[in-house]
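Q: Below is the file upload-v7.pdb, with PDB, C-alpha atoms, pLDDT in the B column.
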ATOM      1  CA  MET A 103     118.266 -27.195 108.188  1.00 51.00           C
ATOM      2  CA  ARG A 104     114.938 -25.380 108.262  1.00 64.00           C
ATOM      3  CA  ALA A 105     112.957 -28.419 107.099  1.00 80.00           C
ATOM      4  CA  PHE A 106     113.450 -31.055 109.775  1.00 86.00           C
ATOM      5  CA  ARG A 107     111.691 -34.133 111.094  1.00 90.00           C
ATOM      6  CA  ARG A 108     113.018 -36.792 113.433  1.00 90.00           C
ATOM      7  CA  GLU A 109     110.934 -39.468 115.125  1.00 90.00           C
ATOM      8  CA  GLY A 110     111.627 -40.932 118.536  1.00 91.00           C
ATOM      9  CA  GLU A 111     109.821 -43.670 120.405  1.00 92.00           C
ATOM     10  CA  SER A 112     106.980 -41.446 121.657  1.00 92.00           C
ATOM     11  CA  VAL A 113     107.813 -37.997 120.266  1.00 93.00           C
ATOM     12  CA  THR A 114     108.338 -36.499 116.823  1.00 93.00           C
ATOM     13  CA  LEU A 115     110.512 -33.421 116.516  1.00 94.00           C
ATOM     14  CA  ARG A 116     109.847 -31.220 113.497  1.00 94.00           C
ATOM     15  CA  SER A 117     110.545 -27.695 112.340  1.00 94.00           C
ATOM     16  CA  LEU A 118     108.607 -25.006 114.191  1.00 95.00           C
ATOM     17  CA  GLU A 119     105.847 -23.600 111.982  1.00 95.00           C
ATOM     18  CA  GLU A 120     103.772 -20.446 112.161  1.00 95.00           C
ATOM     19  CA  ARG A 121     100.700 -22.491 113.133  1.00 96.00           C
ATOM     20  CA  ASP A 122     102.545 -23.513 116.344  1.00 95.00           C
ATOM     21  CA  LEU A 123     102.981 -19.953 117.606  1.00 95.00           C
ATOM     22  CA  PRO A 124      99.675 -19.588 119.493  1.00 95.00           C
ATOM     23  CA  LEU A 125     100.526 -22.682 121.551  1.00 93.00           C
ATOM     24  CA  THR A 126     104.142 -21.713 122.190  1.00 92.00           C
ATOM     25  CA  MET A 127     103.011 -18.276 123.350  1.00 90.00           C
ATOM     26  CA  GLN A 128     100.347 -19.848 125.593  1.00 92.00           C
ATOM     27  CA  TRP A 129     102.946 -22.170 127.164  1.00 90.00           C
ATOM     28  CA  ARG A 130     105.467 -19.339 127.603  1.00 89.00           C
ATOM     29  CA  ASN A 131     102.879 -17.099 129.283  1.00 89.00           C
ATOM     30  CA  ASP A 132     101.533 -19.799 131.585  1.00 87.00           C
ATOM     31  CA  PRO A 133     102.514 -18.904 135.203  1.00 84.00           C
ATOM     32  CA  ARG A 134     103.916 -22.447 135.610  1.00 80.00           C
ATOM     33  CA  SER A 135     106.404 -21.643 132.810  1.00 81.00           C
ATOM     34  CA  LEU A 136     106.899 -17.907 133.126  1.00 68.00           C
ATOM     35  CA  ARG A 137     108.702 -18.208 136.436  1.00 71.00           C
ATOM     36  CA  TRP A 138     111.559 -20.160 134.817  1.00 77.00           C
ATOM     37  CA  PHE A 139     112.538 -17.457 132.323  1.00 77.00           C
ATOM     38  CA  VAL A 140     115.092 -14.727 133.001  1.00 75.00           C
ATOM     39  CA  SER A 141     112.509 -12.251 131.754  1.00 78.00           C
ATOM     40  CA  ASP A 142     109.252 -13.156 133.446  1.00 77.00           C
ATOM     41  CA  ALA A 143     107.242 -10.567 131.510  1.00 83.00           C
ATOM     42  CA  PRO A 144     104.458 -12.157 129.413  1.00 88.00           C
ATOM     43  CA  LEU A 145     104.952 -12.193 125.655  1.00 87.00           C
ATOM     44  CA  GLU A 146     102.756 -10.093 123.390  1.00 92.00           C
ATOM     45  CA  TRP A 147     101.512 -11.641 120.134  1.00 94.00           C
ATOM     46  CA  THR A 148     103.079  -8.999 117.873  1.00 94.00           C
ATOM     47  CA  ALA A 149     106.536  -9.501 119.416  1.00 92.00           C
ATOM     48  CA  HIS A 150     106.213 -13.297 119.329  1.00 91.00           C
ATOM     49  CA  HIS A 151     105.143 -13.304 115.693  1.00 93.00           C
ATOM     50  CA  ALA A 152     107.859 -10.798 114.737  1.00 92.00           C
ATOM     51  CA  TRP A 153     110.488 -13.034 116.404  1.00 90.00           C
ATOM     52  CA  PHE A 154     109.353 -15.985 114.287  1.00 92.00           C
ATOM     53  CA  THR A 155     109.207 -13.877 111.104  1.00 92.00           C
ATOM     54  CA  ARG A 156     112.815 -12.726 111.683  1.00 91.00           C
ATOM     55  CA  TYR A 157     113.849 -16.345 112.234  1.00 89.00           C
ATOM     56  CA  GLN A 158     112.156 -17.463 108.995  1.00 89.00           C
ATOM     57  CA  ALA A 159     113.849 -14.682 107.001  1.00 89.00           C
ATOM     58  CA  SER A 160     117.276 -15.244 108.555  1.00 88.00           C
ATOM     59  CA  GLU A 161     120.166 -16.925 106.775  1.00 86.00           C
ATOM     60  CA  SER A 162     121.537 -18.207 110.093  1.00 87.00           C
ATOM     61  CA  ARG A 163     121.958 -21.873 110.986  1.00 89.00           C
ATOM     62  CA  ASP A 164     119.518 -21.477 113.880  1.00 92.00           C
ATOM     63  CA  CYS A 165     116.952 -24.262 114.164  1.00 92.00           C
ATOM     64  CA  MET A 166     113.614 -24.038 115.962  1.00 93.00           C
ATOM     65  CA  PHE A 167     111.769 -27.267 116.686  1.00 94.00           C
ATOM     66  CA  PHE A 168     108.289 -28.299 117.753  1.00 94.00           C
ATOM     67  CA  ALA A 169     107.714 -31.619 119.506  1.00 94.00           C
ATOM     68  CA  GLU A 170     104.512 -33.630 119.417  1.00 95.00           C
ATOM     69  CA  THR A 171     103.490 -37.151 120.347  1.00 92.00           C
ATOM     70  CA  SER A 172     103.113 -39.773 117.643  1.00 88.00           C
ATOM     71  CA  ASP A 173      99.364 -39.085 117.634  1.00 88.00           C
ATOM     72  CA  GLY A 174      99.921 -35.349 117.154  1.00 90.00           C
ATOM     73  CA  GLN A 175      99.508 -34.031 120.721  1.00 92.00           C
ATOM     74  CA  PRO A 176     101.736 -30.954 121.147  1.00 94.00           C
ATOM     75  CA  VAL A 177     104.548 -31.435 123.675  1.00 92.00           C
ATOM     76  CA  GLY A 178     106.971 -28.511 123.459  1.00 92.00           C
ATOM     77  CA  GLN A 179     109.500 -26.367 121.668  1.00 93.00           C
ATOM     78  CA  SER A 180     113.312 -26.373 121.538  1.00 94.00           C
ATOM     79  CA  SER A 181     116.024 -24.611 119.577  1.00 93.00           C
ATOM     80  CA  ILE A 182     119.648 -24.770 118.506  1.00 95.00           C
ATOM     81  CA  TYR A 183     121.118 -21.298 117.983  1.00 94.00           C
ATOM     82  CA  ASN A 184     124.047 -18.948 118.685  1.00 93.00           C
ATOM     83  CA  PHE A 185     126.447 -21.041 116.617  1.00 95.00           C
ATOM     84  CA  SER A 186     130.135 -20.210 117.004  1.00 93.00           C
ATOM     85  CA  CYS A 187     131.851 -18.809 113.911  1.00 92.00           C
ATOM     86  CA  ASP A 188     133.371 -22.207 113.109  1.00 92.00           C
ATOM     87  CA  GLY A 189     130.052 -23.976 113.786  1.00 89.00           C
ATOM     88  CA  ARG A 190     131.535 -26.300 116.392  1.00 94.00           C
ATOM     89  CA  ARG A 191     129.596 -24.866 119.369  1.00 97.00           C
ATOM     90  CA  ALA A 192     125.962 -23.864 119.683  1.00 96.00           C
ATOM     91  CA  GLU A 193     123.462 -23.008 122.362  1.00 95.00           C
ATOM     92  CA  VAL A 194     120.403 -25.162 122.999  1.00 95.00           C
ATOM     93  CA  GLY A 195     117.392 -23.688 124.678  1.00 90.00           C
ATOM     94  CA  ARG A 196     114.236 -21.678 124.144  1.00 88.00           C
ATOM     95  CA  PHE A 197     112.682 -24.687 125.801  1.00 87.00           C
ATOM     96  CA  LEU A 198     108.944 -24.682 126.333  1.00 84.00           C
ATOM     97  CA  SER A 199     106.657 -27.538 127.242  1.00 85.00           C
ATOM     98  CA  ASP A 200     102.969 -28.041 127.757  1.00 84.00           C
ATOM     99  CA  PRO A 201     102.586 -27.660 131.551  1.00 79.00           C
ATOM    100  CA  GLU A 202      99.897 -30.363 131.563  1.00 84.00           C
ATOM    101  CA  LEU A 203     102.312 -32.959 130.120  1.00 80.00           C
ATOM    102  CA  ARG A 204     105.290 -32.346 132.398  1.00 80.00           C
ATOM    103  CA  GLY A 205     106.706 -35.288 134.288  1.00 81.00           C
ATOM    104  CA  ARG A 206     105.859 -37.892 131.641  1.00 84.00           C
ATOM    105  CA  GLY A 207     109.283 -38.066 129.962  1.00 83.00           C
ATOM    106  CA  LEU A 208     108.040 -36.555 126.713  1.00 86.00           C
ATOM    107  CA  PHE A 209     110.148 -33.413 126.950  1.00 89.00           C
ATOM    108  CA  ARG A 210     113.193 -35.491 127.887  1.00 91.00           C
ATOM    109  CA  GLU A 211     112.750 -37.392 124.646  1.00 93.00           C
ATOM    110  CA  SER A 212     112.358 -34.171 122.658  1.00 93.00           C
ATOM    111  CA  LEU A 213     115.547 -32.838 124.302  1.00 95.00           C
ATOM    112  CA  LEU A 214     117.412 -35.992 123.248  1.00 95.00           C
ATOM    113  CA  LEU A 215     116.119 -35.571 119.686  1.00 94.00           C
ATOM    114  CA  THR A 216     117.235 -31.919 119.731  1.00 95.00           C
ATOM    115  CA  LEU A 217     120.711 -32.915 120.901  1.00 96.00           C
ATOM    116  CA  ASP A 218     120.834 -35.670 118.301  1.00 93.00           C
ATOM    117  CA  ALA A 219     120.135 -33.034 115.624  1.00 94.00           C
ATOM    118  CA  ALA A 220     122.915 -30.816 116.989  1.00 95.00           C
ATOM    119  CA  PHE A 221     125.513 -33.574 117.120  1.00 95.00           C
ATOM    120  CA  GLY A 222     124.280 -35.340 113.977  1.00 92.00           C
ATOM    121  CA  PRO A 223     123.247 -33.368 110.892  1.00 90.00           C
ATOM    122  CA  LEU A 224     124.448 -29.998 112.255  1.00 92.00           C
ATOM    123  CA  GLY A 225     127.894 -31.375 113.141  1.00 93.00           C
ATOM    124  CA  VAL A 226     128.243 -29.483 116.430  1.00 95.00           C
ATOM    125  CA  GLU A 227     130.998 -30.663 118.785  1.00 96.00           C
ATOM    126  CA  GLU A 228     129.656 -29.032 121.953  1.00 97.00           C
ATOM    127  CA  VAL A 229     126.389 -27.477 123.098  1.00 97.00           C
ATOM    128  CA  PHE A 230     125.781 -25.167 126.027  1.00 97.00           C
ATOM    129  CA  LEU A 231     122.806 -23.722 127.865  1.00 96.00           C
ATOM    130  CA  ALA A 232     121.843 -21.512 130.758  1.00 94.00           C
ATOM    131  CA  VAL A 233     119.108 -22.248 133.281  1.00 93.00           C
ATOM    132  CA  LEU A 234     117.888 -20.472 136.399  1.00 89.00           C
ATOM    133  CA  SER A 235     119.567 -22.115 139.381  1.00 88.00           C
ATOM    134  CA  ASP A 236     116.323 -22.638 141.266  1.00 87.00           C
ATOM    135  CA  ASN A 237     114.911 -24.672 138.373  1.00 87.00           C
ATOM    136  CA  GLU A 238     116.273 -27.835 139.942  1.00 90.00           C
ATOM    137  CA  ARG A 239     114.075 -30.133 137.876  1.00 89.00           C
ATOM    138  CA  ALA A 240     115.558 -28.760 134.640  1.00 91.00           C
ATOM    139  CA  VAL A 241     119.115 -28.938 135.990  1.00 93.00           C
ATOM    140  CA  ARG A 242     118.563 -32.614 136.899  1.00 92.00           C
ATOM    141  CA  LEU A 243     117.153 -33.312 133.422  1.00 92.00           C
ATOM    142  CA  TYR A 244     120.157 -31.702 131.715  1.00 94.00           C
ATOM    143  CA  GLU A 245     122.585 -33.584 133.959  1.00 94.00           C
ATOM    144  CA  SER A 246     120.777 -36.848 133.193  1.00 93.00           C
ATOM    145  CA  VAL A 247     121.590 -36.488 129.482  1.00 93.00           C
ATOM    146  CA  GLY A 248     125.248 -35.604 130.149  1.00 94.00           C
ATOM    147  CA  PHE A 249     125.435 -31.837 130.713  1.00 96.00           C
ATOM    148  CA  GLU A 250     127.976 -30.630 133.272  1.00 96.00           C
ATOM    149  CA  VAL A 251     127.767 -27.429 135.294  1.00 95.00           C
ATOM    150  CA  THR A 252     130.505 -24.964 134.290  1.00 95.00           C
ATOM    151  CA  HIS A 253     129.344 -22.011 136.369  1.00 93.00           C
ATOM    152  CA  ARG A 254     126.818 -21.498 139.137  1.00 89.00           C
ATOM    153  CA  GLY A 255     125.779 -17.922 139.825  1.00 86.00           C
ATOM    154  CA  SER A 256     124.543 -16.699 143.172  1.00 83.00           C
ATOM    155  CA  GLY A 257     121.757 -14.450 144.302  1.00 79.00           C
ATOM    156  CA  GLU A 258     118.177 -14.001 143.208  1.00 76.00           C
ATOM    157  CA  ARG A 259     117.491 -15.207 139.627  1.00 79.00           C
ATOM    158  CA  ALA A 260     121.023 -16.692 139.422  1.00 87.00           C
ATOM    159  CA  VAL A 261     121.907 -18.703 136.334  1.00 90.00           C
ATOM    160  CA  VAL A 262     123.646 -22.063 135.995  1.00 92.00           C
ATOM    161  CA  ALA A 263     125.778 -22.477 132.860  1.00 95.00           C
ATOM    162  CA  MET A 264     126.062 -26.022 131.526  1.00 96.00           C
ATOM    163  CA  VAL A 265     127.954 -27.683 128.688  1.00 97.00           C
ATOM    164  CA  LEU A 266     127.688 -30.987 126.852  1.00 97.00           C
ATOM    165  CA  PRO A 267     130.441 -32.233 124.523  1.00 96.00           C
ATOM    166  CA  ARG A 268     129.489 -34.653 121.739  1.00 95.00           C
ATOM    167  CA  ALA A 269     131.443 -37.549 123.309  1.00 92.00           C
ATOM    168  CA  ARG A 270     129.698 -37.163 126.652  1.00 91.00           C
ATOM    169  CA  PHE A 271     126.277 -37.106 124.970  1.00 90.00           C
ATOM    170  CA  GLY A 272     127.041 -40.421 123.277  1.00 73.00           C
ATOM    171  CA  GLN A 273     127.976 -41.940 126.628  1.00 59.00           C
ATOM    172  CA  ALA A 274     124.868 -40.571 128.363  1.00 55.00           C
ATOM    173  CA  SER A 275     122.616 -41.753 125.512  1.00 52.00           C
ATOM    174  CA  ALA A 276     124.066 -45.251 125.681  1.00 40.00           C
ATOM    175  CA  ARG A 277     123.419 -45.372 129.449  1.00 36.00           C
ATOM    176  CA  ALA A 278     119.864 -44.129 128.927  1.00 40.00           C
ATOM    177  CA  ASP A 279     119.225 -46.750 126.249  1.00 38.00           C
ATOM    178  CA  CYS A 280     120.575 -49.518 128.487  1.00 30.00           C
ATOM    179  CA  GLY A 281     118.461 -48.322 131.381  1.00 34.00           C
ATOM    180  CA  ALA A 282     115.304 -48.269 129.271  1.00 35.00           C
ATOM    181  CA  SER A 283     115.514 -51.932 128.311  1.00 29.00           C
TER     182      SER A 283
END
Re-express the file's structure as structure tokens.
A:
Amino acid sequence: MRAFRREGESVTLRSLEERDLPLTMQWRNDPRSLRWFVSDAPLEWTAHHAWFTRYQASESRDCMFFAETSDGQPVGQSSIYNFSCDGRRAEVGRFLSDPELRGRGLFRESLLLTLDAAFGPLGVEEVFLAVLSDNERAVRLYESVGFEVTHRGSGERAVVAMVLPRARFGQASARADCGAS
């Protein structure tokens, strides 16, 4: 599923392309983003480009997405990867967003489109993710779309593990749609 495009109300999710890499690296290296990654070391261009080149050459089912508004303003990046051998579970993450656009609901919509891709065309039954425990805003976002905490680490840079089964996503999406009316 390397070629992908799905349109939401305000956001379009499409396959990540090489032309997106300068922006994704800029967002990742922004101090407002960097603090939320397990590795808070800034990315170097050669490593970032090599990562994308390996992804492009790979035969894996991994999917990398780029989100933009309907008028083409870049919003963020997301991914579906680490598929289980039977393809029923996958990790979602590698989330990045434009720090200037945070708090407007645009990344929430791109997350919903990412999950819709996982549970729809990719046929995944359950997705999981990990987030730093002090990133409370992200934890609240994930819970709002149906994720449940399965493990909460302790200590500095502790991680929260979360899971979302397909059935729970459908229920959370229906509640979100009803609430938006």
Q: Could you tell me which of A:Pro223, A:Thr252, A:Ala143, A:Phe209 comes closest to Arg107 in chain A if we count only C-alpha atoms?
A: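 Looking only at the distances to Arg107 in chain A, the closest residue turns out to be A:Pro223.
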Q: From the set A:Ser141, A:Gln179, A:Asn131, A:Ser212, which residue has the shortest atom-to-atom contact distance to Val113 in chain A, counting all atoms listed in the file?
A: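 Smallest distance to Val113 in chain A is found for A:Ser212.
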Q: Could you make a table, as a Markdown table, of the residues of range 213-246 of chain A that have an atom within 12 Å of an atom of range 148-172 of chain A, each with its nearest atom pair and distance in Å to one decimal, counting only C-alpha atoms, in chain and number order?
A:
| residue | atom | partner | partner_atom | distance |
| --- | --- | --- | --- | --- |
| A:Leu213 | CA | A:Ala169 | CA | 9.3 |
| A:Leu214 | CA | A:Ala169 | CA | 11.3 |
| A:Leu215 | CA | A:Ala169 | CA | 9.3 |
| A:Thr216 | CA | A:Phe167 | CA | 7.8 |
| A:Leu217 | CA | A:Phe167 | CA | 11.4 |
| A:Ala219 | CA | A:Cys165 | CA | 9.4 |
| A:Ala220 | CA | A:Cys165 | CA | 9.3 |
| A:Pro223 | CA | A:Cys165 | CA | 11.5 |
| A:Leu224 | CA | A:Arg163 | CA | 8.6 |
| A:Gly225 | CA | A:Arg163 | CA | 11.4 |
| A:Val226 | CA | A:Arg163 | CA | 11.3 |
Q: Pick the closest to Trp138 in chain A from A:Asp122, A:Asp218, A:Glu238, A:Glu202: which is it, counting all atoms listed in the file?
A: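 Counting all atoms listed in the file, the residue closest to Trp138 in chain A is A:Glu238.
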Q: Once 8 Å is added on each side, what are the centre and the three edge lengths, in Å to one decimal, of the axis-aligned box enclosing the listed atoms of range 105-115 of chain A? Present them as JSON.
A:
{"center_x": 110.2, "center_y": -36.0, "center_z": 114.4, "size_x": 22.5, "size_y": 31.3, "size_z": 30.6}
Q: Name the residues in contact with Glu228 in chain A at a cut-off of 10 Å, using only C-alpha atoms, excluding same-chain residues fewer than 3 positions from it; report them as a ChimeraX atom specification.
A: /A:189-193,217,220-221,225,265-271
Q: When you count only C-alpha atoms, which of these residues is closest to Leu231 in chain A: A:Met127, A:Ala105, A:Leu145, A:Ile182?
A: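 Looking at the shortest contact to Leu231 in chain A, the residue is A:Ile182.
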Q: Identify which of the residues A:Glu211, A:Gly178, A:Gln128, A:Glu146 lies closest to Glu109 in chain A, counting all atoms listed in the file when measuring atom-to-atom distances.
A: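 Looking only at the distances to Glu109 in chain A, the closest residue turns out to be A:Glu211.
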Q: Smallest atom-to-atom distance to Thr114 in chain A: which of A:Pro133, A:Pro176, A:Asp142, A:Ser235, using all atoms listed in the file?
A: A:Pro176
Q: Work out how far apart CA of Pro144 in chain A and CA of Asp132 in chain A are and give it in Å to one decimal.
A: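 For CA of Pro144 in chain A relative to CA of Asp132 in chain A, the distance reads 8.5 Å.
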Q: Quick one: pull the distance between CA of Gly255 in chain A and CA of Asp200 in chain A, Å, one decimal.
A: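 The value is 27.7 Å.
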Q: So how far away is CA of Glu250 in chain A from CA of Gly222 in chain A, in Å?
A: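 Between CA of Gly222 in chain A and CA of Glu250 in chain A the gap works out to 20.2 Å.
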Q: Compile the contact shell of Gly257 in chain A as a VMD selection string: residues with an atom at most 12 Å away, counting all atoms listed in the file, same-chain residues fewer than 5 positions apart removed.
A: chain A and resid 234 to 236 262
